[in-house]
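Take a look at the structure set out below.
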Amino acid sequence: MYKKEKKGWLKHLDFMVLDLAVFQICYIAAYWILRGVSNPYRIVLYRYQGIVYFLCQLIVVLFSESYKNVLRRGPAAELICTFRYIASVELLNLVYLFSVHQIYLISRLLTGITAVLFFFVSFFVRQANKKRILRTRKDQKGQRSLMVFTSSHLVEEVIGNLSDNSFHDYFISGIILMDQATSEKRELHGIPVLGRGENILFYIGRNWVDEVFLYQPDNLPYPTELVDTLLGMGITVHYCISALNEDRWGVQEVEKIGNYKVLTNSLRIVSIRELALKRAIDIAGAIVGCILTGIIFIFIAPIIYKQSPGPIFFSQERIGKNGKKFRMYKFRSMYMDAEERKKALMDQNRVSSGMMFKMEDDPRIIGSEKKDRKGRPAGIGNFIRRTSLDEFPQFWNVLKGDMSLVGTRPPTVDEWEKYDLHHRVRMSIKPGITGLWQISGRSEITDFEEVVRLDREYIQSWSPELDLQIILKTVSVVLRGDGAK
């Protein structure tokens, strides 16, 4: 019988409990600093605030990876993680206080002091707990006996990778060389070494062996008979597939498809809770965006219709996640015959590859024939494109689930059909209203390969924090009009 290692926040339950306790202690200490030594929980308002803090911490733990690799994090990384933790808790707390109209009832100074105290106290408590755990594990030999099966030219690498027992509770009790009948060395780093022909099953049967670790070259066949015998002896077998250690394959997970167990590779694998958090942010942002779209419509719709009679909204078939087609909506900023006129203007495309269409002083834009004092187009179409107002109807696409607030820009069908194989990576996620490419230059970037590089970088490094950074920077970029055409 094998006890599977804990995953997620349960793996570091001790850190979670310590943070919950430390936060309440800091909350009480902040109250004492401001109001003197007394029990804050006897006051209904502050008792509820303590409960809200507790619930906010639980939400942060459940929907983030606050304790991922906590034992391996150095002091600098721990400072950053502690800051993110307290910032997330306080942000949730502020959202709650605003929603229940209690923002002015709770002392802001109390909130600030609590946050500062927690930041420092939690950091030192986490560091002390890590030292305690690592010291305890180093003093212990390990609770599980692990026998290693490998080849002579891999043995040093394997033992080196398995020897750090700071984060595990096993010890290596023996080594079996699968490519040698008899081992030339009887011992390696103090560990007994045997060859495959030295009656290894008898050796295992007469010694303390809880588990076996199998790692062998790809040119050796899978030892089916050996594994069956070991399992028949009640020994747990870990078989390491070499592909698992190939960085070029990206992120990997072991899953089940139908009745088959498979090794799944992807540029980025996210958890259900991360996807749920991203979708929740999308819905909240889309609701606000749709309200703003209605307000904007009241002001710009009459002007658009007056200068170019026809629909106020422009819809076009675009390519979504993994090639799925959908209709994307915008405020119409071009004349009704824009698509037909595009063919005649292709020789003026600033993107030489033809993968996107961008041109200076596009005559298809409504009112572009009107110029300002500097000779720049000054029509209503130019205005709504420069201020990105034309993008607001896409919040409806986000609400429907066709798009996300942050992602990669969806190509048109004709652009999609020109893609090389490596360009397709852009659409391995939901397209977004904004993205890393948009905040890195928008229309100033005319090299499509650079666009693909930025989109791939976003996909591989995605996190809720990165989305938040991109959203905030997008607002700044749009307000300044950087790179807009």
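How things are named: the first chain in the structure tokens is A, the next is B, and so on; residues count from 1 in each chain; ligands count from 1 in the order shown.
Residues with any atom within 12 Å of stretch 180-190 of chain A, counting only C-alpha atoms and excluding same-chain neighbours fewer than 2 positions away, are Phe149, Thr150, Ser151, Ser152, His153, Val155, Glu156, Val158, Ile159, Gly160, Ser163, Phe171, Ile172, Ser173, Gly174, Ile175, Ile176, Leu177, Met178, Pro192, Val193, Leu194, Gly195, Arg196, Gly197, Glu198, Asn199 and Ile200 of chain A.
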Just list as a short mmCIF file (atom, residue, chain, number, x, y, z; two decimals) with C-alpha atoms, in the first residue's frame whatever in stretch 25-179 of chain A DSSP marks as alpha helix (DSSP H).
data_model
loop_
_atom_site.label_atom_id
_atom_site.label_comp_id
_atom_site.auth_asym_id
_atom_site.auth_seq_id
_atom_site.Cartn_x
_atom_site.Cartn_y
_atom_site.Cartn_z
CA ILE A 25 -2.66 38.21 16.19
CA CYS A 26 -1.53 41.15 14.03
CA TYR A 27 -5.14 42.34 13.78
CA ILE A 28 -5.44 42.34 17.58
CA ALA A 29 -2.02 44.03 17.95
CA ALA A 30 -3.04 46.79 15.49
CA TYR A 31 -6.25 47.31 17.46
CA TRP A 32 -4.25 47.59 20.70
CA ILE A 33 -1.87 50.13 19.14
CA LEU A 34 -4.78 52.38 18.15
CA ARG A 35 -7.32 51.82 20.94
CA VAL A 44 -19.65 43.53 16.61
CA LEU A 45 -18.07 45.55 13.79
CA TYR A 46 -14.52 44.43 14.57
CA ARG A 47 -15.61 40.86 15.29
CA TYR A 48 -17.13 40.65 11.80
CA GLN A 49 -14.01 42.24 10.34
CA GLY A 50 -11.89 39.51 11.90
CA ILE A 51 -14.16 36.89 10.34
CA VAL A 52 -13.94 38.63 6.95
CA TYR A 53 -10.15 38.60 7.14
CA PHE A 54 -10.26 34.87 7.92
CA LEU A 55 -12.52 34.16 4.91
CA CYS A 56 -10.41 36.36 2.63
CA GLN A 57 -7.33 34.33 3.58
CA LEU A 58 -9.12 31.07 2.78
CA ILE A 59 -10.16 32.42 -0.64
CA VAL A 60 -6.58 33.51 -1.41
CA VAL A 61 -5.27 30.06 -0.44
CA LEU A 62 -7.89 28.21 -2.50
CA PRO A 75 14.31 34.94 1.53
CA ALA A 76 13.88 37.32 -1.44
CA ALA A 77 11.26 35.09 -3.10
CA GLU A 78 9.51 34.65 0.25
CA LEU A 79 9.29 38.43 0.74
CA ILE A 80 7.62 38.77 -2.67
CA CYS A 81 5.19 35.90 -1.97
CA THR A 82 4.30 37.29 1.45
CA PHE A 83 3.61 40.70 -0.09
CA ARG A 84 1.38 39.15 -2.78
CA TYR A 85 -0.48 37.21 -0.11
CA ILE A 86 -1.25 40.21 2.09
CA ALA A 87 -2.02 42.41 -0.94
CA SER A 88 -4.53 39.84 -2.20
CA VAL A 89 -6.18 39.53 1.23
CA GLU A 90 -6.46 43.31 1.65
CA LEU A 91 -7.79 43.73 -1.89
CA LEU A 92 -10.54 41.19 -1.23
CA ASN A 93 -11.28 42.89 2.08
CA LEU A 94 -11.63 46.29 0.36
CA VAL A 95 -13.97 44.81 -2.27
CA TYR A 96 -16.13 43.39 0.52
CA LEU A 97 -16.17 46.65 2.49
CA PHE A 98 -17.15 48.62 -0.62
CA SER A 99 -19.90 46.15 -1.52
CA ARG A 108 -8.02 52.62 7.40
CA LEU A 109 -5.11 53.04 9.79
CA LEU A 110 -6.09 49.79 11.50
CA THR A 111 -6.15 48.04 8.12
CA GLY A 112 -2.75 49.47 7.19
CA ILE A 113 -1.07 48.60 10.48
CA THR A 114 -2.49 45.06 10.33
CA ALA A 115 -1.09 44.60 6.83
CA VAL A 116 2.37 45.93 7.72
CA LEU A 117 2.58 43.85 10.90
CA PHE A 118 1.48 40.72 9.08
CA PHE A 119 3.99 41.27 6.26
CA PHE A 120 6.96 41.25 8.62
CA VAL A 121 5.70 38.77 11.23
CA SER A 122 4.48 36.24 8.66
CA PHE A 123 7.77 36.44 6.76
CA PHE A 124 9.81 35.61 9.86
CA VAL A 125 7.35 32.91 11.00
CA ARG A 126 7.47 31.27 7.56
CA GLN A 127 11.27 31.34 7.52
CA ALA A 128 11.45 29.89 11.04
CA ASN A 129 8.99 27.12 10.15
CA LYS A 130 11.00 26.25 7.02
CA LYS A 131 14.20 25.99 9.03
CA ARG A 132 12.47 23.77 11.57
CA ILE A 133 11.12 21.42 8.88
CA LEU A 134 14.38 21.20 6.93
CA ARG A 135 16.45 20.69 10.09
CA THR A 136 14.11 17.92 11.26
CA ARG A 137 14.25 16.15 7.90
CA LYS A 138 18.03 16.36 7.69
CA ASP A 139 18.34 14.81 11.14
CA VAL A 155 23.69 6.09 -12.01
CA GLU A 156 25.67 9.18 -10.91
CA GLU A 157 23.04 11.52 -12.34
CA VAL A 158 20.17 9.59 -10.80
CA ILE A 159 21.72 9.32 -7.34
CA GLY A 160 22.64 13.00 -7.45
CA ASN A 161 19.04 13.95 -8.25
CA LEU A 162 17.58 11.63 -5.61
#
- Extract, using only C-alpha atoms, all DNA, RNA and protein residues at most 9 Å from stretch 296-299 of chain A, discarding same-chain residues fewer than 3 positions from it, and format them as a ChimeraX atom specification. /A:291-293,302-303,312,331,389,392
Output C-alpha atoms for every residue in that selection, as a compact mmCIF listing (two decimals), in the first residue's frame.
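Output (selection15.txt):
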# COMPACT_ATOMS: atom_id res chain seq x y z
CA ILE A 291 -22.53 49.12 -19.18
CA LEU A 292 -19.83 51.50 -20.45
CA THR A 293 -20.53 50.33 -24.03
CA PRO A 302 -25.57 59.38 -33.97
CA ILE A 303 -22.23 60.74 -35.21
CA ILE A 312 -23.46 51.23 -35.76
CA PHE A 331 -18.24 49.98 -33.08
CA LEU A 389 -13.60 53.06 -28.09
CA PHE A 392 -15.84 48.20 -26.22
- Query: Which is closest to A:Leu226 among A:Val398, A:Phe313, A:Val212, A:Thr412, if we use only C-alpha atoms?
  - Reply: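 Among A:Val398, A:Phe313, A:Val212, A:Thr412, it is A:Val212 that comes nearest to A:Leu226.
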Would you write out, as CSV, a table of all residues in stretch 234-332 of chain A that have an atom no more than 12 Å from an atom of stretch 421-424 of chain A, listing for each the closest atom pair and the distance in Å to one decimal, considering only C-alpha atoms and ordering rows by chain and rising residue number?
residue,atom,partner,partner_atom,distance
A:Ile319,CA,A:Arg424,CA,10.7
A:Gly320,CA,A:Arg424,CA,10.9
A:Lys321,CA,A:Arg424,CA,9.9
A:Asn322,CA,A:Arg424,CA,7.8
A:Gly323,CA,A:Arg424,CA,8.5
Next, the residues of the selection above should be written as an mmCIF file, in the first residue's frame with N, CA, C and O atoms.
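Okay, result28.cif is ready:
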data_model
loop_
_atom_site.group_PDB
_atom_site.id
_atom_site.type_symbol
_atom_site.label_atom_id
_atom_site.label_comp_id
_atom_site.auth_asym_id
_atom_site.auth_seq_id
_atom_site.Cartn_x
_atom_site.Cartn_y
_atom_site.Cartn_z
ATOM 1 N N ILE A 319 -11.244 34.099 -35.765
ATOM 2 C CA ILE A 319 -10.785 32.787 -35.298
ATOM 3 C C ILE A 319 -10.517 32.852 -33.796
ATOM 4 O O ILE A 319 -9.772 33.711 -33.323
ATOM 5 N N GLY A 320 -11.145 31.939 -33.070
ATOM 6 C CA GLY A 320 -10.977 31.896 -31.620
ATOM 7 C C GLY A 320 -10.030 30.794 -31.191
ATOM 8 O O GLY A 320 -9.151 30.364 -31.942
ATOM 9 N N LYS A 321 -10.243 30.293 -29.988
ATOM 10 C CA LYS A 321 -9.348 29.299 -29.395
ATOM 11 C C LYS A 321 -9.267 28.043 -30.259
ATOM 12 O O LYS A 321 -10.269 27.451 -30.617
ATOM 13 N N ASN A 322 -8.038 27.690 -30.642
ATOM 14 C CA ASN A 322 -7.747 26.472 -31.413
ATOM 15 C C ASN A 322 -8.527 26.383 -32.724
ATOM 16 O O ASN A 322 -8.867 25.284 -33.175
ATOM 17 N N GLY A 323 -8.813 27.542 -33.334
ATOM 18 C CA GLY A 323 -9.435 27.542 -34.650
ATOM 19 C C GLY A 323 -10.943 27.638 -34.651
ATOM 20 O O GLY A 323 -11.563 27.637 -35.725
#
- Task: Take atom CA of A:Pro464 and atom CA of A:Met328 and report the distance between them in Å, one decimal.
- Result: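 About the pair atom CA of A:Pro464 and atom CA of A:Met328: they are 24.3 Å apart.
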